Amino acid sequence: METLATFYERMFFIRRFEETLLDLFSLGKLVGTTHTYIGQEANAVGLIEHLDPDVDTVFSNHRCHGHYLAFTDDAFGLLCEVMGKAPGVCGGKGGSQHLCKGNFYSNGVLGSIVPVATGIGLAEKRKGTGAVSTVFLGDGTLGEGVTYESLNLASLWHLPVFFVVENNHYAQSTPVELELAGSIAARGAAFGVEVDELDTTDVQVIHEAAGRAVARIRETGAPFFLVLNTYRFSPHSKSDDQRDPDELEERRTRDPLLVAGARLDEAERKALEERCEERLAETVEAADEAPAAAPGVAA
Amino acid sequence: MSTVQQKRGVQALNETLHALFAERDDVVLFGEDVLDPYGGAFKVTQGLSDAYPDRVLTTPISEASLFGVAAGMALRGQRPILEIMFGDFVALGLDQIVNGISKFREMYDDQVTVPLVVRTPMGGRRGYGPTHSQSLEKLLLGIPNICVVAPSECHDVGSLLAAAVEDERPVFFIENKLLYGRVIRRPDHGHIGELAVRESGDPYPALTFSATDFTEGVATVVTYGGMLPVVLDAVTELVLEQEIFCEVVALSQLVPIELDAVLESVARTGALVTAEEGTLTGGFGAEIAARVQEAAWSDLRAPVQRVAARDGIIPSARPLEDDMLPSVEDVVAAVTALDGVRS
Ligand SMILES: Cc1ncc(C[n+]2csc(CCOP(=O)(O)OP(=O)(O)O)c2C)c(N)n1
Ligand SMILES: [Mg+2]
């Protein structure tokens with residue numbers, strides 16, 4: 001059982017990693033795009049704690065850095081990848097939204113990953129590995145039809161697929177009210193999939209609920225549909241943000257770092273933060289010095 | 001000793017599937033209506049689910065997802081074979097094909113492979129109408145990092161399918177609908193009937209046919225799949241009625257494009273006609289014409305001619321369908337239109 005301090009440290013590291021990416025963007029050290037996980041850290045950290053990176057798989061989406069760090073702890077590989085450096089986890093070929101390391105995968109076409117994660121569930125079930133195939137979706141991605149085909153398949157075939165919907169209430173610039181009809185949780189239930197829904201930024205609550213969900217999947221071999229209501233503090237990618245500043249302000253009072261941090265001893269928290277800052281600075285320095293990905297340049 | 005077997009395409013494919021299932025237990029087949037006693041819309045999977053009930057899955061009608069499911073299985077070390085009932089429905093899977101299946105290996109820096117096989121029937125001449133008759137191979141031709149294989153009735157259909165399952169690359173295996181009912185005619189002592197035949201390339205070989213033992217040909221016709229019998233009829237007619245001799249190259253590997261057999265033949269004949277059942281624009285013939293002109297300009301004495309379906313829909317009524325799809329006369333006309341084929 002992991003302690004709150006560990007959760008806090010992981011969340012803080014993801015937060016600072018993502019903020020650093022935005023800084024590096026402003027400095028012109030990153031190209032392309034990036035979708036940061038700032039504000040949603042408790043989801044990845046609380047949930048992925050229940051997955052075994054040697055056995056279980058994660059298929060993530062465009063907003064994948066938090067999931068990646070929680071699952072692999074490979075900050076250097078990720079930073080190099082987004083910076084287009086040769087030691088990047090995919091040699092600079094994938095960039096921010098196309099990652100692969102061990103049992104972790106991500107891809108950038110919304111919805112596309114859901115059937116693939118379903119197929120992974122089918123393969124692992126056939127092999128009898130006991131693996132859980134987790135797939136992360138946003139609220140906006142629920143507009144994609146293959147999501148429902150996959151829910152149907154996973155339920156019909158009794159596959160160990162963990163559907164995790166992170167409802168951050170926006171798809172790019174579009175508020176959820178303009179993109180979704182009906183209830184999110186009912187979508188899972190309609191396919192006979194077990195559902196749970198949370199509305200919290202408390203990593204311990206998320207950890208507990210995700211633990212129940214993963215245990216159910218391991219016990220029944222059947223899918224589970226977990227809805228995590230959440231919020232992102234950063235813009236959709238690296239550009240402007242037209243959301244109501246009052247809304248942001250209100251949400252910031254429930255920052256998962258504040259919620260967890262308040263339960264830690266001040267000195268302990270500072271020490272953890274310090275450790276994260278040091279590790280991050282070292283990572284950035286090493287990535288900065290790493291050779292750029294180039295044809296014929298090996299890591 | 002030659003044993004001439006009267007085996008039809010559907011039987012060759014079915015026997016190969018049974019053999020593959022017996023050999024490897026990581027092979028799984030899934031698709032719509034593939035279970036016994038029905039055994040698939042074209043009966044290719046007959047007997048398979050009775051023999052291997054755990055490894056043959058009938059699926060919901062969810063093509064867009066099924067391509068992704070196959071990808072997920074392949075990423076995790078299985079050898080999925082996905083049957084898509086009609087090739088026309090490959091259109092539903094294009095996102096998975098373009099943005100997943102074809103990309104995973106390279107974009108993940110060779111950390112994974114995606115060894116899946118998609119089997120699907122294509123082609124017309126059966127009156128199935130606009131959405132069940134197309135030859136959509138061209139949609140796949142320009143996609144990097146996949147393999148497109150299309151056997152003809154003169155290929156070793158079964159060994160091509162077995163090679164596709166062994167292949168580490170994603171393979172799209174195109175079965176022309178007429179192939180199912182045709183008797184497979186394999187070369188015997190280097191001949192199929194009167195024609196000398198050379199087989200070259202591995203594991204998806206090209207067949208080169210000649211009525212004159214690879215001399216005297218005045219044009220090469222390159223084709224694949226269900227167009228081969230049409231082309232062979234045309235070149236026979238050219239010999240009998242006009243004493244014009246052609247070589248024919250039947251490719252089985254459409255992607256990645258490998259043109260050795262075509263270039264060798266063109267070096268002998270000096271002219272090229274392409275023949276495909278799909279619509280003309282942006283197709284197989286266009287790509288081959290471009291490449292052959294780049295690689296063998298000095299061998300060509302005339303511009304490459306293309307034979308293909310008219311750019312339009314495939315009507316259902318047979319006379320209208322016949323008018324739309326490329327015919328023996330179209331191939332004859334394309335060959336005779338080439339400079340220097342008439343003495
Ligand atoms: C098929 C597809 N359509 C559009 C996009 C562009 N796009 C990237 S993220 C995004 C919004 C996604 O919203 P949501 O699923 O709620 O995830 P979030 O970004 O909120 O985490 C859009 C429209 C895409 N990547 N793929
Ligand atoms: Mg969202």
# chains A, B, ... in the order shown; residues from 1 in each chain; ligands from 1

$ residues_near_ligand --ligand "ligand 1" --cutoff "9 Å" --atoms "only C-alpha atoms and all ligand atoms" --output "MDAnalysis selection string"
(chainID A and resid 35:37 61:64 107:112 137:144 165:176 231:232 236:237) or (chainID B and resid 95)

$ write_last_selection --atoms "C-alpha atoms" --output "PDB file, in the first residue's frame"
ATOM      1  CA  HIS A  35      -1.585  18.358 -24.267  1.00  0.00           C
ATOM      2  CA  THR A  36      -0.736  18.712 -20.626  1.00  0.00           C
ATOM      3  CA  TYR A  37      -2.289  16.835 -17.736  1.00  0.00           C
ATOM      4  CA  ASN A  61      -4.719   9.145 -25.823  1.00  0.00           C
ATOM      5  CA  HIS A  62      -3.408  12.567 -26.799  1.00  0.00           C
ATOM      6  CA  ARG A  63      -3.262  13.655 -23.140  1.00  0.00           C
ATOM      7  CA  CYS A  64      -0.935  10.836 -22.216  1.00  0.00           C
ATOM      8  CA  ASN A 107      -2.061   7.252 -30.128  1.00  0.00           C
ATOM      9  CA  GLY A 108      -3.448  10.554 -31.300  1.00  0.00           C
ATOM     10  CA  VAL A 109      -6.669   9.776 -33.148  1.00  0.00           C
ATOM     11  CA  LEU A 110      -9.557  10.086 -30.734  1.00  0.00           C
ATOM     12  CA  GLY A 111     -11.526   6.885 -30.284  1.00  0.00           C
ATOM     13  CA  SER A 112      -9.141   4.824 -32.415  1.00  0.00           C
ATOM     14  CA  LEU A 137     -10.873   8.387 -22.924  1.00  0.00           C
ATOM     15  CA  GLY A 138     -11.971  11.988 -22.676  1.00  0.00           C
ATOM     16  CA  ASP A 139     -15.552  13.225 -22.580  1.00  0.00           C
ATOM     17  CA  GLY A 140     -15.203  14.495 -26.136  1.00  0.00           C
ATOM     18  CA  THR A 141     -14.073  11.094 -27.324  1.00  0.00           C
ATOM     19  CA  LEU A 142     -17.468   9.710 -26.369  1.00  0.00           C
ATOM     20  CA  GLY A 143     -18.625  11.254 -29.636  1.00  0.00           C
ATOM     21  CA  GLU A 144     -16.703   8.593 -31.538  1.00  0.00           C
ATOM     22  CA  VAL A 165     -13.414   8.234 -18.909  1.00  0.00           C
ATOM     23  CA  GLU A 166     -11.751  11.391 -17.693  1.00  0.00           C
ATOM     24  CA  ASN A 167     -14.512  13.937 -18.014  1.00  0.00           C
ATOM     25  CA  ASN A 168     -12.698  17.250 -17.761  1.00  0.00           C
ATOM     26  CA  HIS A 169     -15.814  18.952 -19.070  1.00  0.00           C
ATOM     27  CA  TYR A 170     -14.221  20.207 -22.261  1.00  0.00           C
ATOM     28  CA  ALA A 171     -13.198  18.879 -25.607  1.00  0.00           C
ATOM     29  CA  GLN A 172     -10.622  21.380 -26.798  1.00  0.00           C
ATOM     30  CA  SER A 173     -12.725  24.589 -26.689  1.00  0.00           C
ATOM     31  CA  THR A 174     -16.129  22.927 -26.536  1.00  0.00           C
ATOM     32  CA  PRO A 175     -17.911  22.534 -23.201  1.00  0.00           C
ATOM     33  CA  VAL A 176     -19.385  19.136 -22.514  1.00  0.00           C
ATOM     34  CA  TYR A 231     -10.782  19.404 -14.649  1.00  0.00           C
ATOM     35  CA  ARG A 232      -7.684  20.649 -16.416  1.00  0.00           C
ATOM     36  CA  HIS A 236      -6.198  22.298 -24.110  1.00  0.00           C
ATOM     37  CA  SER A 237      -2.758  22.250 -25.671  1.00  0.00           C
TER      38      SER A 237
ATOM     39  CA  ASP B  95      -8.814   4.933 -39.728  1.00  0.00           C
TER      40      ASP B  95
END

$ residues_around --residues "segment 318-321 of chain B" --least-positions-apart "5" --cutoff "9 Å" --atoms "only C-alpha atoms" --output "PyMOL selection string"
chain B and resi 124-127+129+313

$ interface_residues --of "chain B" --to "chain A" --cutoff "7 Å" --atoms "only C-alpha atoms" --output "CSV table (one decimal) with N, CA and C atoms, in the first residue's frame"
chain,number,residue,atom,x,y,z
B,62,SER,N,-19.3,-4.7,-36.7
B,62,SER,CA,-18.6,-3.5,-36.2
B,62,SER,C,-17.2,-3.4,-36.9
B,64,ALA,N,-15.5,-1.1,-38.2
B,64,ALA,CA,-14.5,0.0,-37.9
B,64,ALA,C,-13.7,-0.4,-36.7
B,65,SER,N,-14.3,-1.1,-35.7
B,65,SER,CA,-13.6,-1.5,-34.6
B,65,SER,C,-12.8,-2.8,-34.8
B,68,GLY,N,-9.3,-2.6,-35.5
B,68,GLY,CA,-8.5,-2.2,-34.3
B,68,GLY,C,-8.3,-3.4,-33.3
B,69,VAL,N,-9.4,-4.2,-33.2
B,69,VAL,CA,-9.3,-5.4,-32.3
B,69,VAL,C,-8.2,-6.3,-32.9
B,70,ALA,N,-8.1,-6.5,-34.2
B,70,ALA,CA,-7.1,-7.3,-34.8
B,70,ALA,C,-5.7,-6.7,-34.5
B,71,ALA,N,-5.6,-5.4,-34.5
B,71,ALA,CA,-4.3,-4.7,-34.3
B,71,ALA,C,-3.9,-5.0,-32.8
B,72,GLY,N,-4.9,-4.8,-31.9
B,72,GLY,CA,-4.5,-5.0,-30.5
B,72,GLY,C,-4.1,-6.4,-30.2
B,73,MET,N,-4.7,-7.4,-30.9
B,73,MET,CA,-4.3,-8.8,-30.7
B,73,MET,C,-2.9,-9.0,-31.3
B,76,ARG,N,0.0,-7.8,-29.2
B,76,ARG,CA,0.2,-8.7,-28.1
B,76,ARG,C,0.6,-10.1,-28.4
B,78,GLN,N,-0.5,-12.3,-30.8
B,78,GLN,CA,-1.3,-13.3,-31.5
B,78,GLN,C,-1.2,-13.1,-33.0
B,96,GLN,N,-8.3,2.8,-38.7
B,96,GLN,CA,-7.5,1.9,-38.0
B,96,GLN,C,-6.3,1.5,-38.9
B,107,MET,N,6.2,4.1,-35.9
B,107,MET,CA,6.1,5.3,-35.0
B,107,MET,C,6.5,4.9,-33.5
B,108,TYR,N,6.4,3.6,-33.2
B,108,TYR,CA,6.9,3.2,-31.9
B,108,TYR,C,8.4,2.7,-32.0
B,109,ASP,N,9.0,3.1,-33.1
B,109,ASP,CA,10.5,2.9,-33.2
B,109,ASP,C,10.8,1.4,-33.2

$ residues_around --residues "Ala189 of chain A" --least-positions-apart "2" --cutoff "12 Å" --atoms "only C-alpha atoms" --output "ChimeraX atom specification"
/A:148,151-152,155,183-187,191-197,223-227

$ residues_around --residues "segment 239-243 of chain B" --least-positions-apart "3" --cutoff "12 Å" --atoms "only C-alpha atoms" --output "PyMOL selection string"
chain B and resi 194-195+210-212+216-218+232-236+246-247+332-333+335-336+341-343

$ atom_distance --atom1 "atom CA of Gln40 of chain A" --atom2 "atom CA of Thr230 of chain A"
6.3 Å

$ residues_around --residues "Ile61 of chain B" --least-positions-apart "6" --cutoff "10 Å" --atoms "only C-alpha atoms" --output "list in words"
Glu149 of chain A; Gly31, Glu32, Asp33, Ile84 and Met85 of chain B

$ write_last_selection --atoms "C-alpha atoms" --output "PDB file, in the first residue's frame"
ATOM      1  CA  GLU A 149     -18.628  -0.823 -30.654  1.00  0.00           C
TER       2      GLU A 149
ATOM      3  CA  GLY B  31     -15.442 -11.940 -38.569  1.00  0.00           C
ATOM      4  CA  GLU B  32     -19.145 -11.779 -39.234  1.00  0.00           C
ATOM      5  CA  ASP B  33     -21.016 -15.066 -39.686  1.00  0.00           C
ATOM      6  CA  ILE B  84     -14.268  -8.777 -43.707  1.00  0.00           C
ATOM      7  CA  MET B  85     -17.374 -10.039 -45.450  1.00  0.00           C
TER       8      MET B  85
END

$ select_by_dssp --residues "segment 90-142 of chain A" --states "strand (DSSP E)" --output "JSON, numbers by chain"
{"A": [100, 101, 104, 105, 106, 133, 134, 135, 136, 137, 138]}

$ residues_around --residues "Leu257 of chain A" --least-positions-apart "6" --cutoff "12 Å" --atoms "only C-alpha atoms" --output "list of chain:residue names"
A:Leu4, A:Ala5, A:Phe7, A:Tyr8, A:Glu9, A:Arg10, A:Met11, A:Phe12, A:Phe13, A:Ile14, A:Arg15, A:Arg16, A:Ile38, A:Gly39, A:Gln40, A:Glu41, A:Ala42, A:Asn43, A:Val45, A:Thr201, A:Asp202, A:Val203, A:Gln204, A:Arg263, A:Leu264, A:Arg269, A:Glu273

$ decode --residues "segment 151-178 of chain B" --atoms "C-alpha atoms" --output "PDB file, in the first residue's frame"
ATOM      1  CA  PRO B 151      -3.681 -14.241 -55.424  1.00  0.00           C
ATOM      2  CA  SER B 152      -4.830 -15.176 -58.895  1.00  0.00           C
ATOM      3  CA  GLU B 153      -6.168 -18.556 -59.929  1.00  0.00           C
ATOM      4  CA  CYS B 154      -2.690 -19.517 -61.168  1.00  0.00           C
ATOM      5  CA  HIS B 155      -0.991 -18.796 -57.858  1.00  0.00           C
ATOM      6  CA  ASP B 156      -0.512 -21.230 -55.031  1.00  0.00           C
ATOM      7  CA  VAL B 157      -3.362 -19.594 -53.181  1.00  0.00           C
ATOM      8  CA  GLY B 158      -2.905 -21.586 -50.006  1.00  0.00           C
ATOM      9  CA  SER B 159       0.789 -20.960 -49.620  1.00  0.00           C
ATOM     10  CA  LEU B 160       0.239 -17.241 -50.175  1.00  0.00           C
ATOM     11  CA  LEU B 161      -2.245 -17.214 -47.302  1.00  0.00           C
ATOM     12  CA  ALA B 162       0.102 -19.242 -45.118  1.00  0.00           C
ATOM     13  CA  ALA B 163       2.907 -16.781 -45.877  1.00  0.00           C
ATOM     14  CA  ALA B 164       0.619 -13.900 -44.977  1.00  0.00           C
ATOM     15  CA  VAL B 165      -0.035 -15.410 -41.565  1.00  0.00           C
ATOM     16  CA  GLU B 166       3.690 -15.958 -41.013  1.00  0.00           C
ATOM     17  CA  ASP B 167       4.492 -12.407 -42.115  1.00  0.00           C
ATOM     18  CA  GLU B 168       5.471  -9.947 -39.362  1.00  0.00           C
ATOM     19  CA  ARG B 169       3.877  -7.145 -41.364  1.00  0.00           C
ATOM     20  CA  PRO B 170       0.156  -6.443 -41.544  1.00  0.00           C
ATOM     21  CA  VAL B 171      -1.116  -8.199 -44.671  1.00  0.00           C
ATOM     22  CA  PHE B 172      -4.285  -7.366 -46.555  1.00  0.00           C
ATOM     23  CA  PHE B 173      -5.190 -10.490 -48.435  1.00  0.00           C
ATOM     24  CA  ILE B 174      -7.529  -9.745 -51.330  1.00  0.00           C
ATOM     25  CA  GLU B 175      -9.618 -12.635 -52.577  1.00  0.00           C
ATOM     26  CA  ASN B 176     -11.342 -11.912 -55.850  1.00  0.00           C
ATOM     27  CA  LYS B 177     -14.874 -13.285 -55.536  1.00  0.00           C
ATOM     28  CA  LEU B 178     -14.624 -15.280 -58.746  1.00  0.00           C
TER      29      LEU B 178
END
